[in-house]
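K.L.:
Handing you this structure, nothing more for now.
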Amino acid sequence: PVKGSGIANVMNAYAKVGMLEEELFRALSREAKQLPVKGFEGQHVANILNAAVKAGWEDEELFERMKGVLLSKSESHMSPQAVALILNAYARAGLHDNALFAHMSKLVQRHVSEGGESMSPQSVANVLNACAAGGFKDPELMDRLCAVCAAMTGGDGLMLRHIGNILNALVRLGHVDLPAFRRMSSLAQSLPVAQADAQSLSLIANAFAKAEHKDTSLFSYLSATAQSLDRSSFNPQSIALLANAFAKAGIRDHTLFKVLCEHVLTQRPDDFDEQSIANIVNAFARSF
């Protein structure tokens with residue numbers, strides 16, 4: 001008999017290699033829509049939906065059926081990663097369902113209340129980014145996740161890219177929690193510089209600038225670290241984001257901007273788009 005795990009495994013395998021076999025996906029979707037609720041676990045649903053989006057398979061009936069499966073379950077042990085995959089899949093498919101998002105929010109909050117202090121930085125970032133992508137703003141969920149951020153110690157594989165993604169998502173959601181931002185600032189400055197990259201530094205700077213939280217110590221760290229990076233770490237978008245963040249924060253760091261100017265000159269012309277050009281020119285104009 002067909003199982004949810006089997007459907008998920010096959011769809012996921014094809015999605016990973018970028019293959020959309022329409023007849024196969026049509027048959028698998030049909031089986032998934034006919035399978036009883038007990039044939040699925042939350043992770044199976046997450047993998048099916050994520051594979052469908054990744055492969056470019058559009059089937060609203062499949063998403064509607066999976067929604068029914070999810071709403072009929074009260075899985076206290078669905079992982080935050082599975083929740084993030086589900087929310088992200090619906091957001092990428094352009095299907096914004098408040099009832100489903102609210103249900104997923106409760107599952108994450110239950111996880112936090114049952115020991116979510118151990119929730120990994122990657123899981124926090126994934127859930128927040130999925131909510132931001134779907135425009136799902138649940139203040140209670142945001143508060144819970146910000147409390148997790150404020151309690152982070154720097155272990156559990158925390159990296160600068162996690163901090164950048166978490167802060168960027170919170171800003172997009174309009175949820176600036178000062179204790180969480182301060183803790184993220186402290187952790188960012190304590191992590192090894194060797195793991196830094198231009199994109200992560202840019203996201204962190206951008207989040208603090210948009211939150212209008214002027215952390216001079218953090219911006220000094222971001223500047224010094226950015227200047228130490230090899231030029232290969234930069235692209236026009238990260239240069240634009242970092243320069244614009246410093247300009248927006250009102251921090252005139254001529255040494256940093258000189259380095260960024262040198263990086264601009266080494267980029268390939270074809271890598272620039274109109275938006276990055278406009279942002280770079282505007283940032284430099286505001287900073288001198």
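Letters for chains follow the order of the structure tokens (A, B, ...), residue numbers begin at 1 for each chain, and ligand numbers begin at 1 in the order shown.
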Do a neighbour search on Leu218 in chain A at 10 Å with only C-alpha atoms, toss out local chain neighbours closer than 6 positions, and write the hits as a list in words.
P.N.:
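In the requested format, the answer is Arg182, Met184, Ser185, Ser186, Ala188, Gln189, Ile204, Ala205, Phe208 and Ala224 of chain A.
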K.L.:
Those same residues - all heavy atoms - I'd like them written as a short mmCIF file (atom, residue, chain, number, x, y, z; two decimals), in the first residue's frame.
P.N.:
data_model
loop_
_atom_site.label_atom_id
_atom_site.label_comp_id
_atom_site.auth_asym_id
_atom_site.auth_seq_id
_atom_site.Cartn_x
_atom_site.Cartn_y
_atom_site.Cartn_z
N ARG A 182 19.62 42.91 21.29
CA ARG A 182 20.85 43.12 22.06
C ARG A 182 21.63 41.82 22.22
O ARG A 182 22.86 41.81 22.14
CB ARG A 182 20.51 43.71 23.43
CG ARG A 182 20.05 45.16 23.37
CD ARG A 182 19.58 45.65 24.72
NE ARG A 182 19.08 47.02 24.66
CZ ARG A 182 18.01 47.45 25.30
NH1 ARG A 182 17.31 46.62 26.09
NH2 ARG A 182 17.61 48.70 25.19
N MET A 184 21.50 39.23 20.19
CA MET A 184 22.06 38.90 18.87
C MET A 184 23.31 39.72 18.58
O MET A 184 24.27 39.24 18.00
CB MET A 184 21.01 39.13 17.78
CG MET A 184 19.81 38.17 17.80
SD MET A 184 20.22 36.44 17.45
CE MET A 184 20.32 35.78 19.13
N SER A 185 23.29 40.99 19.00
CA SER A 185 24.46 41.86 18.81
C SER A 185 25.66 41.32 19.59
O SER A 185 26.76 41.22 19.06
CB SER A 185 24.13 43.28 19.28
OG SER A 185 25.30 44.08 19.33
N SER A 186 25.42 40.96 20.84
CA SER A 186 26.50 40.45 21.68
C SER A 186 27.06 39.15 21.12
O SER A 186 28.28 38.96 21.06
CB SER A 186 25.97 40.22 23.10
OG SER A 186 26.96 39.63 23.93
N ALA A 188 26.90 38.07 17.98
CA ALA A 188 27.57 38.31 16.70
C ALA A 188 29.01 38.74 16.93
O ALA A 188 29.93 38.30 16.22
CB ALA A 188 26.82 39.37 15.91
N GLN A 189 29.22 39.61 17.91
CA GLN A 189 30.56 40.14 18.18
C GLN A 189 31.47 39.12 18.85
O GLN A 189 32.69 39.31 18.89
CB GLN A 189 30.46 41.40 19.03
CG GLN A 189 29.75 42.54 18.33
CD GLN A 189 29.56 43.76 19.22
OE1 GLN A 189 30.52 44.43 19.60
NE2 GLN A 189 28.30 44.07 19.55
N ILE A 204 22.73 41.81 9.06
CA ILE A 204 22.74 42.28 10.45
C ILE A 204 22.71 43.80 10.49
O ILE A 204 21.92 44.41 11.23
CB ILE A 204 23.97 41.73 11.20
CG1 ILE A 204 23.89 40.21 11.33
CG2 ILE A 204 24.07 42.37 12.60
CD1 ILE A 204 25.16 39.56 11.85
N ALA A 205 23.56 44.43 9.71
CA ALA A 205 23.61 45.90 9.68
C ALA A 205 22.27 46.46 9.21
O ALA A 205 21.76 47.44 9.78
CB ALA A 205 24.73 46.36 8.76
N PHE A 208 19.53 46.26 12.02
CA PHE A 208 19.69 47.27 13.08
C PHE A 208 19.38 48.66 12.55
O PHE A 208 18.79 49.49 13.26
CB PHE A 208 21.10 47.20 13.67
CG PHE A 208 21.22 46.23 14.81
CD1 PHE A 208 21.39 44.88 14.57
CD2 PHE A 208 21.13 46.65 16.12
CE1 PHE A 208 21.48 43.96 15.60
CE2 PHE A 208 21.20 45.76 17.18
CZ PHE A 208 21.39 44.40 16.92
N ALA A 224 34.84 46.62 10.85
CA ALA A 224 36.17 46.02 10.90
C ALA A 224 36.17 44.64 10.25
O ALA A 224 37.12 44.28 9.52
CB ALA A 224 36.64 45.92 12.35
#
K.L.:
I'd like the contact shell of range 157-172 of chain A - 10 Å cut-off, only C-alpha atoms, skipping same-chain residues fewer than 5 positions apart - returned as a count of residues only.
P.N.:
51
K.L.:
Which of these, A:Val83, A:Leu229, A:Met78, A:Met11, has the shortest distance to Ala55 in chain A once you count only C-alpha atoms?
P.N.:
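Checking each candidate against Ala55 in chain A, we get A:Met11 as the closest.
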K.L.:
For range 42-44 of chain A, find every residue with an atom within 8 Å (counting only C-alpha atoms), except residues of its own chain fewer than 6 positions away, and show them as a list in words.
P.N.:
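Close residues of range 42-44 of chain A: Gly4, Ser5, Ala8, Leu70, Glu75, Met78, Ser79 and Ala82 of chain A.
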K.L.:
Per residue of range 22-79 of chain A within 9 Å of range 97-106 of chain A, note the shortest atom pair and the distance in Å to one decimal, counting only C-alpha atoms, and order the rows by chain and increasing residue number, as CSV.
P.N.:
residue,atom,partner,partner_atom,distance
A:Lys67,CA,A:Leu100,CA,6.7
A:Gly68,CA,A:Leu100,CA,8.9
A:Leu70,CA,A:Leu100,CA,7.8
A:Leu71,CA,A:Leu100,CA,6.8
A:Ser74,CA,A:His103,CA,8.7
K.L.:
Which residue is closest to Leu87 in chain A? Choose from A:Phe136, A:Leu62, A:Leu35, A:Ala52 and count only C-alpha atoms.
P.N.:
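Nearest candidate to Leu87 in chain A out of A:Phe136, A:Leu62, A:Leu35, A:Ala52: A:Phe136.
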K.L.:
DSSP on the backbone, then: every residue of range 4-206 of chain A marked alpha helix (DSSP H), written as number ranges by chain.
P.N.:
A: 4-16, 22-34, 42-55, 60-71, 80-92, 98-113, 121-134, 139-150, 160-172, 178-190, 198-206
K.L.:
For a test of reading the model, state the distance in Å between CA of Lys54 in chain A and CA of Ala15 in chain A, rounded to one decimal.
P.N.:
5.8 Å
K.L.:
One number please: CA of Val112 in chain A to CA of Pro80 in chain A, in Å, one decimal.
P.N.:
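Taking CA of Val112 in chain A as the start and CA of Pro80 in chain A as the end point, the length is 9.4 Å.
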K.L.:
Which of these residues is nearest to Val264 in chain A, using only C-alpha atoms: A:Gly155, A:Pro179, A:Gly134, A:Pro236?
P.N.:
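Using only C-alpha atoms, the shortest distance to Val264 in chain A belongs to A:Pro236.
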K.L.:
May I ask for the distance between CA of Ile251 in chain A and CA of Asp271 in chain A, given in Å to one decimal place?
P.N.:
27.0 Å
K.L.:
List the spatial neighbours of Gly56 in chain A as a PyMOL selection string - criterion: any atom at most 10 Å away, only C-alpha atoms, same-chain residues fewer than 5 positions off excluded.
P.N.:
chain A and resi 15+18-20+22+50-51+93
K.L.:
Considering only C-alpha atoms, return as a ChimeraX atom specification whatever protein or nucleic-acid residues lie within 10 Å of Thr255 in chain A, sequence-local ones (same chain, fewer than 4 positions apart) excluded.
P.N.:
/A:223-224,227,259-261
K.L.:
Deliver the residues from the most recent selection as a file, using C-alpha atoms, as a tab-separated table (two decimals), in the first residue's frame.
P.N.:
chain	number	residue	atom	x	y	z
A	223	SER	CA	32.91	47.57	9.74
A	224	ALA	CA	36.17	46.02	10.90
A	227	GLN	CA	37.15	45.32	5.83
A	259	VAL	CA	37.04	49.56	0.93
A	260	LEU	CA	33.53	49.11	-0.44
A	261	CYS	CA	34.37	51.48	-3.28
